[in-house]
Each structure stands twice: as C-alpha cells, then as structure tokens.
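Next comes query-v2.txt, a file with compact mmCIF, C-alpha atoms and all ligand atoms.
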```
# COMPACT_ATOMS: atom_id res chain seq x y z
CA MET L 1 -44.18 83.02 -12.93
CA LYS L 2 -45.11 82.52 -9.29
CA ARG L 3 -42.70 79.81 -8.24
CA LYS L 4 -39.02 79.24 -7.66
CA LEU L 5 -36.91 78.93 -10.78
CA ARG L 6 -35.47 75.46 -11.26
CA MET L 7 -31.73 75.39 -11.84
CA GLY L 8 -29.44 72.64 -13.08
CA MET L 9 -25.68 72.82 -12.74
CA VAL L 10 -22.82 71.56 -14.90
CA GLY L 11 -19.56 71.43 -12.96
CA GLY L 12 -19.32 72.50 -9.34
CA GLY L 13 -18.29 69.18 -7.79
CA LEU L 14 -17.54 69.13 -4.08
CA THR L 15 -13.82 69.79 -4.62
CA SER L 16 -14.31 72.66 -7.03
CA PHE L 17 -13.98 76.38 -6.34
CA ILE L 18 -16.72 78.40 -7.95
CA GLY L 19 -19.63 75.94 -8.23
CA PRO L 20 -20.28 75.93 -4.47
CA VAL L 21 -20.08 79.77 -4.50
CA HIS L 22 -22.74 79.83 -7.25
CA ARG L 23 -25.01 77.49 -5.31
CA LYS L 24 -24.87 79.70 -2.23
CA ALA L 25 -25.36 82.87 -4.28
CA ALA L 26 -28.27 81.41 -6.25
CA GLY L 27 -29.97 80.53 -2.95
CA ILE L 28 -29.57 83.91 -1.22
CA ASP L 29 -32.87 85.41 -2.35
CA GLY L 30 -34.87 82.19 -2.10
CA GLU L 31 -36.06 82.50 -5.69
CA ILE L 32 -34.00 79.71 -7.21
CA GLU L 33 -33.86 76.03 -6.39
CA LEU L 34 -31.12 73.63 -7.50
CA VAL L 35 -32.88 70.50 -8.76
CA CYS L 36 -30.29 68.62 -10.78
CA GLY L 37 -26.71 68.53 -11.93
CA ALA L 38 -23.86 66.84 -13.75
CA PHE L 39 -21.37 68.10 -11.24
CA SER L 40 -18.02 66.62 -12.02
CA ILE L 41 -15.65 64.97 -14.43
CA ILE L 42 -14.12 63.04 -11.50
CA PRO L 43 -15.70 59.56 -11.42
CA GLY L 44 -18.25 59.27 -8.60
CA GLU L 45 -18.04 62.95 -7.59
CA SER L 46 -21.25 64.00 -9.31
CA LYS L 47 -23.15 61.41 -7.25
CA GLU L 48 -21.36 62.40 -4.05
CA THR L 49 -22.16 66.07 -4.69
CA GLY L 50 -25.82 65.25 -5.32
CA GLU L 51 -25.93 63.30 -2.05
CA ALA L 52 -24.29 66.10 -0.10
CA LEU L 53 -26.90 68.49 -1.47
CA TYR L 54 -29.79 66.07 -0.80
CA LEU L 55 -30.85 66.08 -4.46
CA ASN L 56 -33.15 63.50 -5.96
CA PRO L 57 -30.66 60.79 -7.11
CA ASP L 58 -32.66 60.37 -10.34
CA ARG L 59 -31.63 63.88 -11.26
CA VAL L 60 -27.93 63.61 -10.53
CA TYR L 61 -26.19 62.79 -13.78
CA GLU L 62 -22.78 61.54 -14.82
CA THR L 63 -22.62 63.71 -17.94
CA TYR L 64 -24.23 66.95 -19.05
CA GLN L 65 -25.36 65.28 -22.29
CA GLU L 66 -27.40 62.79 -20.26
CA MET L 67 -28.69 65.61 -18.09
CA PHE L 68 -30.11 67.68 -20.95
CA GLU L 69 -31.57 64.60 -22.69
CA LYS L 70 -33.38 63.53 -19.52
CA GLU L 71 -34.39 67.00 -18.38
CA LYS L 72 -36.02 67.95 -21.67
CA SER L 73 -38.13 64.80 -21.56
CA LEU L 74 -39.54 65.69 -18.10
CA PRO L 75 -42.96 67.38 -17.81
CA PRO L 76 -42.72 71.20 -18.10
CA ASP L 77 -43.62 71.64 -14.42
CA GLN L 78 -40.57 69.61 -13.37
CA ARG L 79 -37.81 70.24 -15.85
CA ILE L 80 -35.18 72.92 -15.27
CA ASP L 81 -35.63 76.52 -16.38
CA PHE L 82 -31.94 77.22 -16.71
CA VAL L 83 -28.51 75.77 -16.23
CA SER L 84 -25.53 77.23 -14.45
CA VAL L 85 -22.29 76.24 -16.23
CA VAL L 86 -19.32 76.34 -13.84
CA THR L 87 -16.80 74.08 -15.55
CA PRO L 88 -13.29 74.94 -16.81
CA ASN L 89 -13.21 77.14 -19.92
CA HIS L 90 -12.99 74.32 -22.49
CA VAL L 91 -16.28 72.90 -21.14
CA HIS L 92 -18.32 76.11 -21.40
CA PHE L 93 -19.37 75.86 -25.02
CA GLY L 94 -20.57 72.23 -25.09
CA PRO L 95 -23.07 72.42 -22.22
CA SER L 96 -24.16 75.99 -23.01
CA GLN L 97 -24.86 75.17 -26.66
CA MET L 98 -26.63 71.93 -25.81
CA ALA L 99 -28.72 73.63 -23.12
CA LEU L 100 -29.89 76.32 -25.53
CA GLU L 101 -30.67 73.73 -28.19
CA SER L 102 -32.65 71.80 -25.59
CA GLY L 103 -34.71 74.89 -24.73
CA PHE L 104 -32.98 75.91 -21.49
CA HIS L 105 -31.63 79.33 -20.56
CA VAL L 106 -27.96 79.52 -19.58
CA LEU L 107 -25.89 81.30 -16.97
CA VAL L 108 -22.24 80.58 -17.74
CA GLU L 109 -18.95 81.44 -16.13
CA LYS L 110 -16.45 83.74 -17.79
CA PRO L 111 -14.67 83.62 -20.13
CA ILE L 112 -17.75 82.60 -22.08
CA ALA L 113 -15.89 79.97 -24.10
CA PHE L 114 -12.56 78.52 -25.10
CA SER L 115 -12.28 80.62 -28.28
CA LEU L 116 -13.81 83.58 -30.05
CA ALA L 117 -15.29 81.23 -32.67
CA GLU L 118 -17.16 79.29 -29.96
CA ALA L 119 -18.37 82.54 -28.40
CA LYS L 120 -19.75 83.72 -31.73
CA THR L 121 -21.52 80.41 -32.27
CA LEU L 122 -23.15 80.79 -28.87
CA GLU L 123 -24.24 84.29 -29.79
CA LYS L 124 -25.86 82.97 -32.96
CA THR L 125 -27.65 80.26 -30.99
CA VAL L 126 -28.91 82.81 -28.46
CA ASN L 127 -30.22 84.97 -31.31
CA LYS L 128 -31.80 81.98 -33.04
CA THR L 129 -33.49 80.52 -29.97
CA GLY L 130 -34.32 83.82 -28.25
CA LEU L 131 -33.26 82.23 -24.97
CA LEU L 132 -31.25 84.09 -22.33
CA LEU L 133 -27.56 83.72 -21.73
CA GLY L 134 -26.03 85.44 -18.70
CA LEU L 135 -22.33 85.62 -17.91
CA THR L 136 -20.98 85.85 -14.37
CA HIS L 137 -18.67 88.83 -14.50
CA THR L 138 -19.01 88.93 -10.74
CA TYR L 139 -17.53 92.34 -10.09
CA THR L 140 -20.31 94.15 -11.95
CA GLY L 141 -22.64 92.86 -9.22
CA TYR L 142 -21.29 95.06 -6.41
CA PRO L 143 -23.49 97.96 -5.23
CA LEU L 144 -20.66 100.49 -5.35
CA VAL L 145 -19.75 99.41 -8.87
CA LYS L 146 -23.37 100.20 -9.77
CA GLU L 147 -22.93 103.59 -8.08
CA ALA L 148 -19.69 104.21 -9.96
CA ARG L 149 -21.34 103.40 -13.27
CA LYS L 150 -24.26 105.69 -12.52
CA MET L 151 -22.02 108.58 -11.43
CA VAL L 152 -20.00 108.31 -14.64
CA ALA L 153 -23.16 108.09 -16.77
CA ASP L 154 -24.64 111.12 -14.96
CA GLY L 155 -21.51 113.11 -15.79
CA ALA L 156 -20.38 113.58 -12.17
CA PHE L 157 -16.73 113.47 -13.26
CA GLY L 158 -17.16 115.11 -16.66
CA LYS L 159 -15.68 113.47 -19.74
CA ILE L 160 -13.63 110.41 -18.77
CA ARG L 161 -9.96 110.77 -19.65
CA LYS L 162 -7.97 108.12 -17.83
CA ILE L 163 -8.66 104.59 -16.55
CA TYR L 164 -6.32 102.43 -14.52
CA VAL L 165 -7.46 98.90 -13.81
CA GLU L 166 -5.28 96.35 -12.04
CA TYR L 167 -5.90 92.72 -11.19
CA PRO L 168 -2.94 91.35 -9.23
CA GLN L 169 -3.06 87.89 -7.69
CA GLY L 170 -0.09 85.92 -6.36
CA TRP L 171 -1.33 82.35 -6.15
CA LEU L 172 0.45 81.18 -9.33
CA SER L 173 3.86 82.50 -8.21
CA THR L 174 5.16 78.92 -8.17
CA LEU L 175 4.56 75.97 -10.49
CA LEU L 176 1.41 75.04 -8.53
CA GLU L 177 0.03 73.14 -11.51
CA LYS L 178 2.64 70.43 -10.98
CA THR L 179 1.46 69.77 -7.41
CA GLY L 180 -1.95 68.34 -8.31
CA ASN L 181 -3.86 71.59 -7.72
CA MET L 182 -6.95 71.22 -9.92
CA GLN L 183 -7.65 74.94 -10.32
CA ALA L 184 -4.05 75.70 -11.32
CA SER L 185 -3.67 72.74 -13.63
CA TRP L 186 -6.46 73.51 -16.11
CA ARG L 187 -5.91 77.29 -15.95
CA THR L 188 -2.30 76.89 -17.14
CA ASP L 189 -3.07 74.31 -19.84
CA PRO L 190 -3.71 75.88 -23.28
CA LYS L 191 -5.93 72.91 -24.19
CA GLN L 192 -8.31 73.69 -21.32
CA SER L 193 -7.90 77.38 -20.62
CA GLY L 194 -7.74 78.75 -24.17
CA MET L 195 -5.16 81.04 -25.76
CA GLY L 196 -4.96 83.23 -22.65
CA GLY L 197 -3.75 82.29 -19.17
CA ALA L 198 -3.99 85.13 -16.64
CA ILE L 199 -5.33 87.38 -19.37
CA GLY L 200 -8.34 85.09 -19.95
CA ASP L 201 -8.81 84.18 -16.31
CA ILE L 202 -8.68 87.61 -14.70
CA GLY L 203 -7.77 90.09 -17.45
CA THR L 204 -11.26 89.62 -18.88
CA HIS L 205 -12.75 90.69 -15.53
CA ALA L 206 -10.56 93.81 -15.47
CA ALA L 207 -11.47 94.83 -19.03
CA ASN L 208 -15.14 94.14 -18.40
CA LEU L 209 -15.12 96.20 -15.20
CA ALA L 210 -13.45 99.16 -16.92
CA GLU L 211 -16.01 99.10 -19.74
CA TYR L 212 -18.93 98.50 -17.39
CA ILE L 213 -18.17 101.41 -15.06
CA THR L 214 -17.29 103.90 -17.77
CA GLY L 215 -19.74 102.80 -20.46
CA LEU L 216 -16.79 103.19 -22.85
CA ARG L 217 -15.40 100.58 -25.21
CA ILE L 218 -11.76 99.61 -25.59
CA THR L 219 -10.83 100.18 -29.22
CA GLU L 220 -7.07 99.55 -29.29
CA ILE L 221 -4.57 97.63 -27.21
CA CYS L 222 -0.79 97.65 -26.94
CA ALA L 223 0.05 94.60 -24.84
CA MET L 224 2.88 92.66 -23.29
CA LEU L 225 2.30 89.10 -22.06
CA ASN L 226 4.83 87.22 -19.94
CA THR L 227 5.23 83.69 -18.72
CA VAL L 228 7.19 84.36 -15.58
CA VAL L 229 7.24 80.96 -13.90
CA LYS L 230 9.56 78.52 -15.69
CA GLY L 231 7.85 75.42 -17.08
CA ARG L 232 4.45 77.14 -17.49
CA HIS L 233 2.76 77.08 -20.90
CA LEU L 234 0.55 80.19 -20.81
CA ASP L 235 0.92 83.81 -19.76
CA ASP L 236 0.82 84.41 -16.01
CA ASP L 237 1.45 88.15 -16.24
CA SER L 238 0.29 90.98 -18.48
CA SER L 239 0.50 94.74 -18.87
CA MET L 240 -1.11 96.86 -21.54
CA LEU L 241 -2.03 100.31 -22.69
CA LEU L 242 -5.59 100.90 -23.81
CA ARG L 243 -7.41 103.39 -25.98
CA PHE L 244 -11.13 103.94 -25.49
CA ASP L 245 -13.78 105.03 -27.97
CA ASN L 246 -14.12 108.55 -26.49
CA GLY L 247 -10.37 109.19 -26.78
CA ALA L 248 -9.60 108.27 -23.15
CA SER L 249 -6.50 106.23 -22.45
CA GLY L 250 -5.99 103.47 -19.94
CA VAL L 251 -3.61 101.03 -18.35
CA LEU L 252 -4.58 97.44 -17.56
CA MET L 253 -2.48 95.01 -15.59
CA ALA L 254 -3.48 91.43 -14.81
CA THR L 255 -1.02 89.12 -13.14
CA GLN L 256 -1.07 85.92 -11.10
CA VAL L 257 2.56 86.13 -10.01
CA ALA L 258 2.34 89.22 -7.77
CA ALA L 259 3.52 87.24 -4.74
CA GLY L 260 1.53 88.07 -1.64
CA GLU L 261 -1.47 89.53 -3.45
CA GLU L 262 -4.80 87.79 -2.89
CA ASN L 263 -7.51 89.06 -5.22
CA ASN L 264 -6.67 92.74 -5.47
CA LEU L 265 -8.79 93.87 -8.40
CA ASN L 266 -8.93 97.65 -8.26
CA ILE L 267 -9.89 100.47 -10.56
CA ARG L 268 -9.38 104.21 -10.80
CA VAL L 269 -11.31 106.31 -13.26
CA TYR L 270 -10.62 110.02 -13.82
CA GLY L 271 -12.64 112.60 -15.71
CA GLU L 272 -12.33 116.35 -16.19
CA LYS L 273 -13.76 117.17 -12.75
CA GLY L 274 -12.64 114.30 -10.57
CA GLY L 275 -12.42 110.55 -10.25
CA LEU L 276 -13.22 107.41 -8.31
CA GLU L 277 -11.31 104.55 -6.78
CA TRP L 278 -12.77 101.13 -5.92
CA LYS L 279 -11.10 97.97 -4.62
CA GLN L 280 -12.62 94.54 -4.71
CA GLU L 281 -11.02 93.54 -1.41
CA GLU L 282 -12.84 96.42 0.31
CA PRO L 283 -15.94 96.53 -1.85
CA ASN L 284 -18.16 98.52 0.48
CA THR L 285 -16.02 101.66 0.33
CA MET L 286 -15.40 103.92 -2.65
CA ILE L 287 -13.23 107.02 -2.74
CA LEU L 288 -14.32 109.99 -4.79
CA LYS L 289 -11.69 112.58 -5.73
CA TRP L 290 -12.44 116.12 -6.81
CA LEU L 291 -10.50 118.85 -8.55
CA ASP L 292 -11.96 121.61 -6.37
CA LYS L 293 -12.93 119.99 -3.06
CA PRO L 294 -11.69 117.37 -0.58
CA LYS L 295 -11.92 113.65 -1.20
CA GLU L 296 -15.08 111.85 -0.14
CA ILE L 297 -15.60 108.33 1.08
CA ILE L 298 -18.90 106.71 0.24
CA ARG L 299 -20.14 103.43 1.69
CA ALA L 300 -22.44 100.67 0.45
CA GLY L 301 -25.92 100.53 1.94
CA GLN L 302 -26.08 104.24 2.80
CA LYS L 303 -29.20 106.29 2.09
CA TYR L 304 -27.26 108.87 0.07
CA LEU L 305 -26.50 106.35 -2.70
CA SER L 306 -28.56 106.16 -5.87
CA ASP L 307 -31.64 103.93 -5.94
CA GLU L 308 -29.79 101.66 -8.37
CA ALA L 309 -26.94 101.05 -5.94
CA LYS L 310 -29.30 100.71 -2.97
CA SER L 311 -31.36 98.11 -4.78
CA PHE L 312 -28.28 95.87 -4.93
CA THR L 313 -27.75 95.66 -1.15
CA ARG L 314 -29.65 93.46 1.25
CA THR L 315 -28.37 94.61 4.63
CA PRO L 316 -28.04 98.08 6.23
CA ALA L 317 -24.78 100.02 5.94
CA GLY L 318 -22.03 98.62 8.12
CA HIS L 319 -23.23 95.03 7.77
CA PRO L 320 -20.77 94.00 5.09
CA GLU L 321 -21.85 92.24 1.95
CA GLY L 322 -19.32 90.85 -0.48
CA TYR L 323 -18.50 88.26 -3.10
CA LEU L 324 -21.49 85.96 -2.53
CA GLU L 325 -23.91 88.87 -2.71
CA ALA L 326 -22.27 90.21 -5.87
CA PHE L 327 -22.88 86.83 -7.48
CA ALA L 328 -26.39 86.79 -6.01
CA ASN L 329 -27.05 90.14 -7.68
CA ILE L 330 -26.21 88.66 -11.06
CA TYR L 331 -28.45 85.66 -10.33
CA ARG L 332 -31.26 87.99 -9.29
CA SER L 333 -31.01 90.22 -12.35
CA PHE L 334 -30.85 87.16 -14.61
CA SER L 335 -33.84 85.59 -12.81
CA ARG L 336 -35.89 88.74 -13.26
CA ALA L 337 -35.30 88.64 -16.99
CA LEU L 338 -36.09 84.96 -17.04
CA ARG L 339 -39.41 85.52 -15.24
CA ASP L 340 -40.35 88.14 -17.84
CA TYR L 341 -39.24 85.92 -20.72
CA LYS L 342 -41.93 84.87 -23.17
CA PRO L 343 -41.08 82.67 -26.17
CA GLY L 344 -41.01 84.69 -29.37
CA LYS L 345 -40.80 88.05 -27.56
CA LYS L 346 -37.45 89.84 -27.47
CA LEU L 347 -36.52 91.19 -24.04
CA ASN L 348 -34.59 94.41 -23.59
CA ILE L 349 -31.69 92.74 -21.75
CA ALA L 350 -29.99 96.06 -20.91
CA LYS L 351 -32.92 96.85 -18.59
CA TYR L 352 -32.07 93.91 -16.34
CA ASP L 353 -28.40 94.78 -15.97
CA PHE L 354 -26.55 91.48 -16.13
CA PRO L 355 -23.58 90.59 -18.36
CA ASP L 356 -24.81 88.72 -21.43
CA VAL L 357 -23.62 86.93 -24.54
CA ALA L 358 -22.39 90.17 -26.15
CA ASP L 359 -20.10 90.73 -23.14
CA GLY L 360 -18.91 87.16 -23.57
CA VAL L 361 -18.02 87.67 -27.23
CA ARG L 362 -16.31 90.92 -26.30
CA GLY L 363 -14.29 89.16 -23.60
CA MET L 364 -13.02 86.55 -26.07
CA ASN L 365 -12.28 89.26 -28.59
CA PHE L 366 -10.30 91.06 -25.89
CA VAL L 367 -8.20 87.96 -25.14
CA GLN L 368 -7.55 87.37 -28.84
CA THR L 369 -6.57 90.99 -29.40
CA VAL L 370 -4.21 91.03 -26.42
CA VAL L 371 -2.48 87.86 -27.59
CA LYS L 372 -2.23 89.25 -31.13
CA SER L 373 -0.80 92.53 -29.88
CA ALA L 374 1.66 90.81 -27.54
CA ASN L 375 2.91 88.58 -30.36
CA SER L 376 3.35 91.38 -32.84
CA ASN L 377 5.90 94.14 -33.28
CA ARG L 378 3.18 96.61 -34.11
CA LYS L 379 2.52 99.05 -31.36
CA TRP L 380 -1.27 99.06 -31.39
CA THR L 381 -3.83 96.38 -32.27
CA THR L 382 -7.49 97.14 -32.95
CA LEU L 383 -10.17 95.47 -30.85
CA LYS L 384 -13.00 94.92 -33.30
P1 LIG L 401 -12.54 73.98 -10.67
O1 LIG L 401 -11.46 73.21 -11.34
O2 LIG L 401 -12.45 74.27 -9.22
O3 LIG L 401 -13.95 73.25 -10.89
C1 LIG L 401 -14.38 72.80 -12.15
C2 LIG L 401 -15.48 71.77 -11.93
O4 LIG L 401 -15.99 71.37 -13.20
C3 LIG L 401 -14.98 70.49 -11.24
O5 LIG L 401 -15.95 70.06 -10.31
C4 LIG L 401 -14.86 69.50 -12.40
O6 LIG L 401 -14.97 68.15 -12.00
C5 LIG L 401 -16.05 69.95 -13.23
N1 LIG L 401 -16.04 69.47 -14.61
C6 LIG L 401 -15.01 69.50 -15.51
N2 LIG L 401 -15.38 68.97 -16.68
C7 LIG L 401 -16.69 68.61 -16.53
C8 LIG L 401 -17.64 68.01 -17.38
N3 LIG L 401 -17.34 67.66 -18.65
N4 LIG L 401 -18.88 67.77 -16.89
C9 LIG L 401 -19.21 68.10 -15.61
N5 LIG L 401 -18.35 68.67 -14.76
C10 LIG L 401 -17.10 68.93 -15.21
O7 LIG L 401 -12.68 75.32 -11.50
P2 LIG L 401 -13.19 76.72 -10.93
O8 LIG L 401 -12.05 77.44 -10.35
O9 LIG L 401 -14.40 76.52 -10.13
O10 LIG L 401 -13.54 77.47 -12.31
C11 LIG L 401 -14.64 77.08 -13.09
C12 LIG L 401 -15.03 78.23 -14.04
O11 LIG L 401 -15.40 79.35 -13.27
C13 LIG L 401 -13.88 78.69 -14.93
O12 LIG L 401 -14.37 79.00 -16.20
C14 LIG L 401 -13.37 79.94 -14.26
O13 LIG L 401 -12.82 80.87 -15.17
C15 LIG L 401 -14.63 80.49 -13.64
N6 LIG L 401 -14.42 81.28 -12.42
C16 LIG L 401 -15.02 82.49 -12.31
C17 LIG L 401 -14.88 83.26 -11.18
C18 LIG L 401 -15.60 84.57 -11.05
O14 LIG L 401 -15.27 85.37 -10.19
N7 LIG L 401 -16.60 84.84 -11.85
C19 LIG L 401 -14.07 82.81 -10.12
C20 LIG L 401 -13.47 81.55 -10.25
C21 LIG L 401 -13.66 80.79 -11.41
```

Show me this structure written as structure tokens.
Amino acid sequence: MKRKLRMGMVGGGLTSFIGPVHRKAAGIDGEIELVCGAFSIIPGESKETGEALYLNPDRVYETYQEMFEKEKSLPPDQRIDFVSVVTPNHVHFGPSQMALESGFHVLVEKPIAFSLAEAKTLEKTVNKTGLLLGLTHTYTGYPLVKEARKMVADGAFGKIRKIYVEYPQGWLSTLLEKTGNMQASWRTDPKQSGMGGAIGDIGTHAANLAEYITGLRITEICAMLNTVVKGRHLDDDSSMLLRFDNGASGVLMATQVAAGEENNLNIRVYGEKGGLEWKQEEPNTMILKWLDKPKEIIRAGQKYLSDEAKSFTRTPAGHPEGYLEAFANIYRSFSRALRDYKPGKKLNIAKYDFPDVADGVRGMNFVQTVVKSANSNRKWTTLK
C-alpha cells in the first residue's frame, strides 16, 4: 500500500487529554493522515476540533454512528482505513464494535472496554472479521522496554524470580471530580469507568508492562483495593501480591492518591543472575544490576542496544524521546501490520509487536480478578 493510511478518530475533542497526544503521535512518521472524526460528546466541540485541525467539514461528525455510516459509503480510495478510539472507557466498545462491523480496523485506548464481557465480544468480532485491533498500552512502546524484554527473553538475568511494578500518581488526592475536571469525573464514576478506578486506569498498564517485559503471565492475585478520598465511588489506591506462571512472585501497586507523584510508573525485575530497573519518568535510562559485577547504566539510542530497541528510536542518543514517541511506536507497528493486511489472510500479529485484542481481554480479566480478590476473604484469586 503506497500511500498514507487514512485515520478517523472517535473522542479527542480540543479539551480532552489523550486524543491530541494520539494525533501528534500518529503524525510523527508521516505515514498516517487524520481525515475525519466524531471528536466530542460536548455539543459543538466536534465541529470546533475539526476546524482547528483544518479537516474537511463534510467529514467532521456529531456522532460516531453517523461517522461509520457515512465513511463506509465513501469510495474505497477515500474512506478511512482505521479508527482511533480515544473516548472514556464506557465508549470504547460501541465505536470499536461498529467500526469492525463496518469493515474498519481499530486502535483503541486501554482498558479495551467497560467490562470483560464487552472485551470478549470484541475479541469474537476481531476473529470473525479478521480485522486488526490494536490497544495503546503506551509503555510497551519505549525503546528501553523493548531492550528489557529482549534481555529477559535472551536469558540475560536467568530465570525470573521477582517482579516489582509500581504506578503511583497523586492527581486524585482530593475530590477533583467535584470541581468540574472532566478527566477526573468519568474516571471516578463506575458507570463510565467500569468496575475499577485506579486499578483499571493505571493498574492495567502496570500489569501489562510486567507481563510484556518478562513474557510471563500473572496466574494468581491477592489484592487490596482502597477508596481513600471520602465521597469517591471507586478505588483510588491498590496493592497486591502476584504469582506468575513460572513460579515467580511479584508486587503491584497502583495508586492515584500518592500526593506529589506525577506519573511514576516504574518496574524492577530480578532473575537468578541479576535484574533491571526502568522508570517511565526517565525512560531513556535503564539500570542493570548483576550478582557478580557492578551495576550498569544503559541509554536509549546507543549503538550497544539490540537492533529491536534501536529500531524504536528516531533520534541519536542524548536527544531525548518520550511519551509521544512511545505512542508513535505503537502507531507505527500497528500501521505496518495494517499495510500487510489482506482480507481473508491471517496475520501473525506477534511479529508486529503491538498490544492487541488478547491483551485487552487480559486487562479486563485482570481488573475483574483484582476486584474479586479485594472483595473476598480468600487469600488468592486465580486469573483465568
Ligand atoms: P478525556 O475526558 O480527556 O477525553 C475524552 C474525549 O472523548 C472528550 O473529548 C469527550 O468529549 C469525548 N467523548 C466522550 N463520549 C464521546 C462520544 N460518545 N463520541 C465522541 N466523543 C466522545 O479522557 P482522556 O483522559 O483523554 O481518556 C480517554 C481514554 O484514553 C480513556 O479510556 C483513558 O483510559 C485512556 N488514556 C490512556 C492513556 C495512555 O497512556 N495510554 C493516557 C490517558 C488516557
């Protein structure tokens, strides 16, 4: 396919958080062009967003239903190839399902859906249609996360024994949802966020990162969920013990009431011979720790990294890349798969290295298992 891919967007109005990030990230490599959108639930904001982005007004829609109806009736050389879904959690399933049924590929924000049942329905639809569904677990897009994954897979640390993953934020330390903050208000509303608050919003990233780097699967969880801020209706704090399928154990913490923390996702993984430490707020540095030699510091963009890690940077070492580029890496991997897509032919998604519908189902399963464990007196709950 020797042209730019045509993208539509659902959500991502001018006043939103992640939609504008997606638009920038999608544009970084010049392979994707935003051609249409149903950008907002706020009356008039979809139009305003379309104007600000200089889109053809005929392709700026008030609702996603109208968007897919109109787009599928356009000639094949005009209609979108895929849609980016960047709405709150309760509006992931509707547009993703309708897009797939209309013949469009989907890149959707995490968590994939509002509930596990919705996630499983999406998985069935992906299998039935053969179309692609990518999921933006952003942190898997960083070059040093790729390096970490490769080092673990190559056995650099020996058998993995212990994983600590923490995701502390502090922005929900007060009842921000009562002040008109849009991002806080839907995230703390069980009707829009789902059964998990912090655990769905950021705990899913932490669990996904731990599984992505180690290649292991969480099999059992012993969890505690708290609602720390009075008047809130969902968890804003969580701690849990994990068991992994190779016998390793882990600790996961995800909280939005760690006052003063910004977006401090960090992970430590230890094997028989050594370990690694990576922090999202300093993503271009990773510390390697060894049983029998001094610590090492490795840096993104350096020649000594694996080809995999190097292929996910765009600038030389010391010219920092970050969040936008991590998103761009997911867009690029997804686009590569999409360019190779042929109707009726199953692609080997693993080859392209982007989170997909299976990760989405797993994320919802994780949230459900954590909530079940936290609400029960049993010590351990199985993650199926
Ligand atoms: P937000 O509240 O800032 O923006 C949501 C946007 O969706 C708004 O423009 C809103 O008007 C629009 N919208 C709502 N309902 C709609 C509908 N029916 N049709 C069209 N537009 C609609 O939310 P956000 O913080 O940008 O989060 C959006 C999603 O992105 C969430 O699922 C969140 O979990 C996820 N997210 C992921 C990351 C990441 O790192 N991957 C970071 C932030 C948010």

Legend entry - Spatial neighbours of Met182 of chain L, 10 Å, all atoms listed in the file, chain gap at least 5 places, as a ChimeraX atom specification: /L:15-17,176-177,187

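Taking atom CA of Ala148 of chain L and atom CA of Asp292 of chain L as the two end points, the separation is 19.4 Å.
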
Inset, instruction - Fewer than 6 positions away in the same chain doesn't count, so skip those; otherwise give me all residues within 7 Å of Leu144 of chain L, counting only C-alpha atoms, as a ChimeraX atom specification. - result: /L:284,286,300,309

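With all atoms listed in the file as the basis for measurement, L:Lys162 is the residue among L:Lys4, L:Lys162, L:Lys24, L:His205 that approaches Val251 of chain L most closely.
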
Inset, instruction - Using only C-alpha atoms and all ligand atoms, find each protein or nucleic acid residue lying at most 6 Å from ligand LIG 401 (chain L); present the set as a list in words. - result: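 After applying the 6 Å limit, what remains is Val10, Gly11, Gly12, Gly13, Ser16, Phe17, Ile18, Gly19, Ala38, Phe39, Ser40, Ile41, Ile42, Thr63, Tyr64, Val86, Thr87, Pro88, Asn89, Val91, Glu109, Lys110, Pro111, Thr136, His137, Thr138, Met182, Gln183 and Asp201 of chain L.
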
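Distance-wise, atom CA of Glu31 of chain L and atom CA of Glu101 of chain L end up 24.7 Å apart.
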
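Those DNA, RNA and protein residues that approach the point (-24.1, 79.9, -4.5) to within 10 Å, considering only C-alpha atoms, are Ile18, Gly19, Pro20, Val21, His22, Arg23, Lys24, Ala25, Ala26, Gly27, Ile28, Leu34, Leu324, Glu325, Phe327, Ala328 and Tyr331 of chain L.
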
Quick one: write out the picked residues with C-alpha atoms as an mmCIF file, in the frame of the given file?
```
data_model
loop_
_atom_site.group_PDB
_atom_site.id
_atom_site.type_symbol
_atom_site.label_atom_id
_atom_site.label_comp_id
_atom_site.auth_asym_id
_atom_site.auth_seq_id
_atom_site.Cartn_x
_atom_site.Cartn_y
_atom_site.Cartn_z
ATOM 1 C CA ILE L 18 -16.720 78.400 -7.950
ATOM 2 C CA GLY L 19 -19.630 75.940 -8.230
ATOM 3 C CA PRO L 20 -20.280 75.930 -4.470
ATOM 4 C CA VAL L 21 -20.080 79.770 -4.500
ATOM 5 C CA HIS L 22 -22.740 79.830 -7.250
ATOM 6 C CA ARG L 23 -25.010 77.490 -5.310
ATOM 7 C CA LYS L 24 -24.870 79.700 -2.230
ATOM 8 C CA ALA L 25 -25.360 82.870 -4.280
ATOM 9 C CA ALA L 26 -28.270 81.410 -6.250
ATOM 10 C CA GLY L 27 -29.970 80.530 -2.950
ATOM 11 C CA ILE L 28 -29.570 83.910 -1.220
ATOM 12 C CA LEU L 34 -31.120 73.630 -7.500
ATOM 13 C CA LEU L 324 -21.490 85.960 -2.530
ATOM 14 C CA GLU L 325 -23.910 88.870 -2.710
ATOM 15 C CA PHE L 327 -22.880 86.830 -7.480
ATOM 16 C CA ALA L 328 -26.390 86.790 -6.010
ATOM 17 C CA TYR L 331 -28.450 85.660 -10.330
#
```

Legend entry - Atomic separation - atom CA of Arg149 of chain L relative to atom CA of Gly247 of chain L, Å: 18.3 Å

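Compared by their closest atoms to Thr121 of chain L, and using all atoms listed in the file, the residues L:Asp340, L:Gly360, L:Lys47, L:Ser306 rank with L:Gly360 nearest.
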
Legend entry - Sel. within 9 Å of pt (-39.9, 83.1, -10.0), counting all atoms listed in the file, output as a list of chain:residue names: L:Met1, L:Lys2, L:Arg3, L:Lys4, L:Leu5, L:Arg6, L:Glu31, L:Ile32, L:Ser335, L:Arg336, L:Leu338, L:Arg339

Legend entry - Counting all atoms listed in the file, the option among L:Val229, L:Val152, L:Ala248, L:Val108 closest to Lys178 of chain L: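 Between L:Val229, L:Val152, L:Ala248, L:Val108, the residue approaching Lys178 of chain L most closely is L:Val229.
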
Legend entry - Selected residue of minimal separation from Thr214 of chain L among L:Gly30, L:Pro43, L:Gly275, L:Pro343, counting all atoms listed in the file: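 Selected residue with least distance to Thr214 of chain L: L:Gly275.
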
Inset, instruction - Identify which of the residues L:Thr125, L:Ser102, L:Thr140, L:Thr285 lies closest to Leu74 of chain L, counting all atoms listed in the file when measuring atom-to-atom distances. - result: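 Distance minimum relative to Leu74 of chain L lands on L:Ser102.
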
Inset, instruction - Within 10 Å of segment 351-359 of chain L, counting all atoms listed in the file, which residues show up once you throw out same-chain ones fewer than 6 positions away? Write them as a ChimeraX atom specification, please. - result: /L:106-108,110-112,119-120,122-124,126-127,132-138,140-141,146,204,208,211-212,329-338,365

Legend entry - Long-range neighbours of Leu276 of chain L as a PyMOL selection string, 10 Å cut-off, all atoms listed in the file, 6 positions minimum in chain: chain L and resi 148+151-152+157+163+267-270+286-290+295-297

Could you give me the centre and size, in Å to one decimal, of an axis-aligned box around all listed atoms of segment 268-282 of chain L with 8 Å added on every side, as lines of an AutoDock Vina configuration file?
```
center_x = -11.6
center_y = 105.4
center_z = -7.9
size_x = 20.4
size_y = 39.6
size_z = 32.5
```

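Proximity ranking of L:Glu261, L:Glu321, L:Glu277, L:Asp237 relative to Val370 of chain L places L:Asp237 first, based on only C-alpha atoms.
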
Legend entry - Shell around Leu225 of chain L at 9 Å using all atoms listed in the file, local window under 6 positions removed, as a ChimeraX atom specification: /L:199,235-240,370-371,374-375
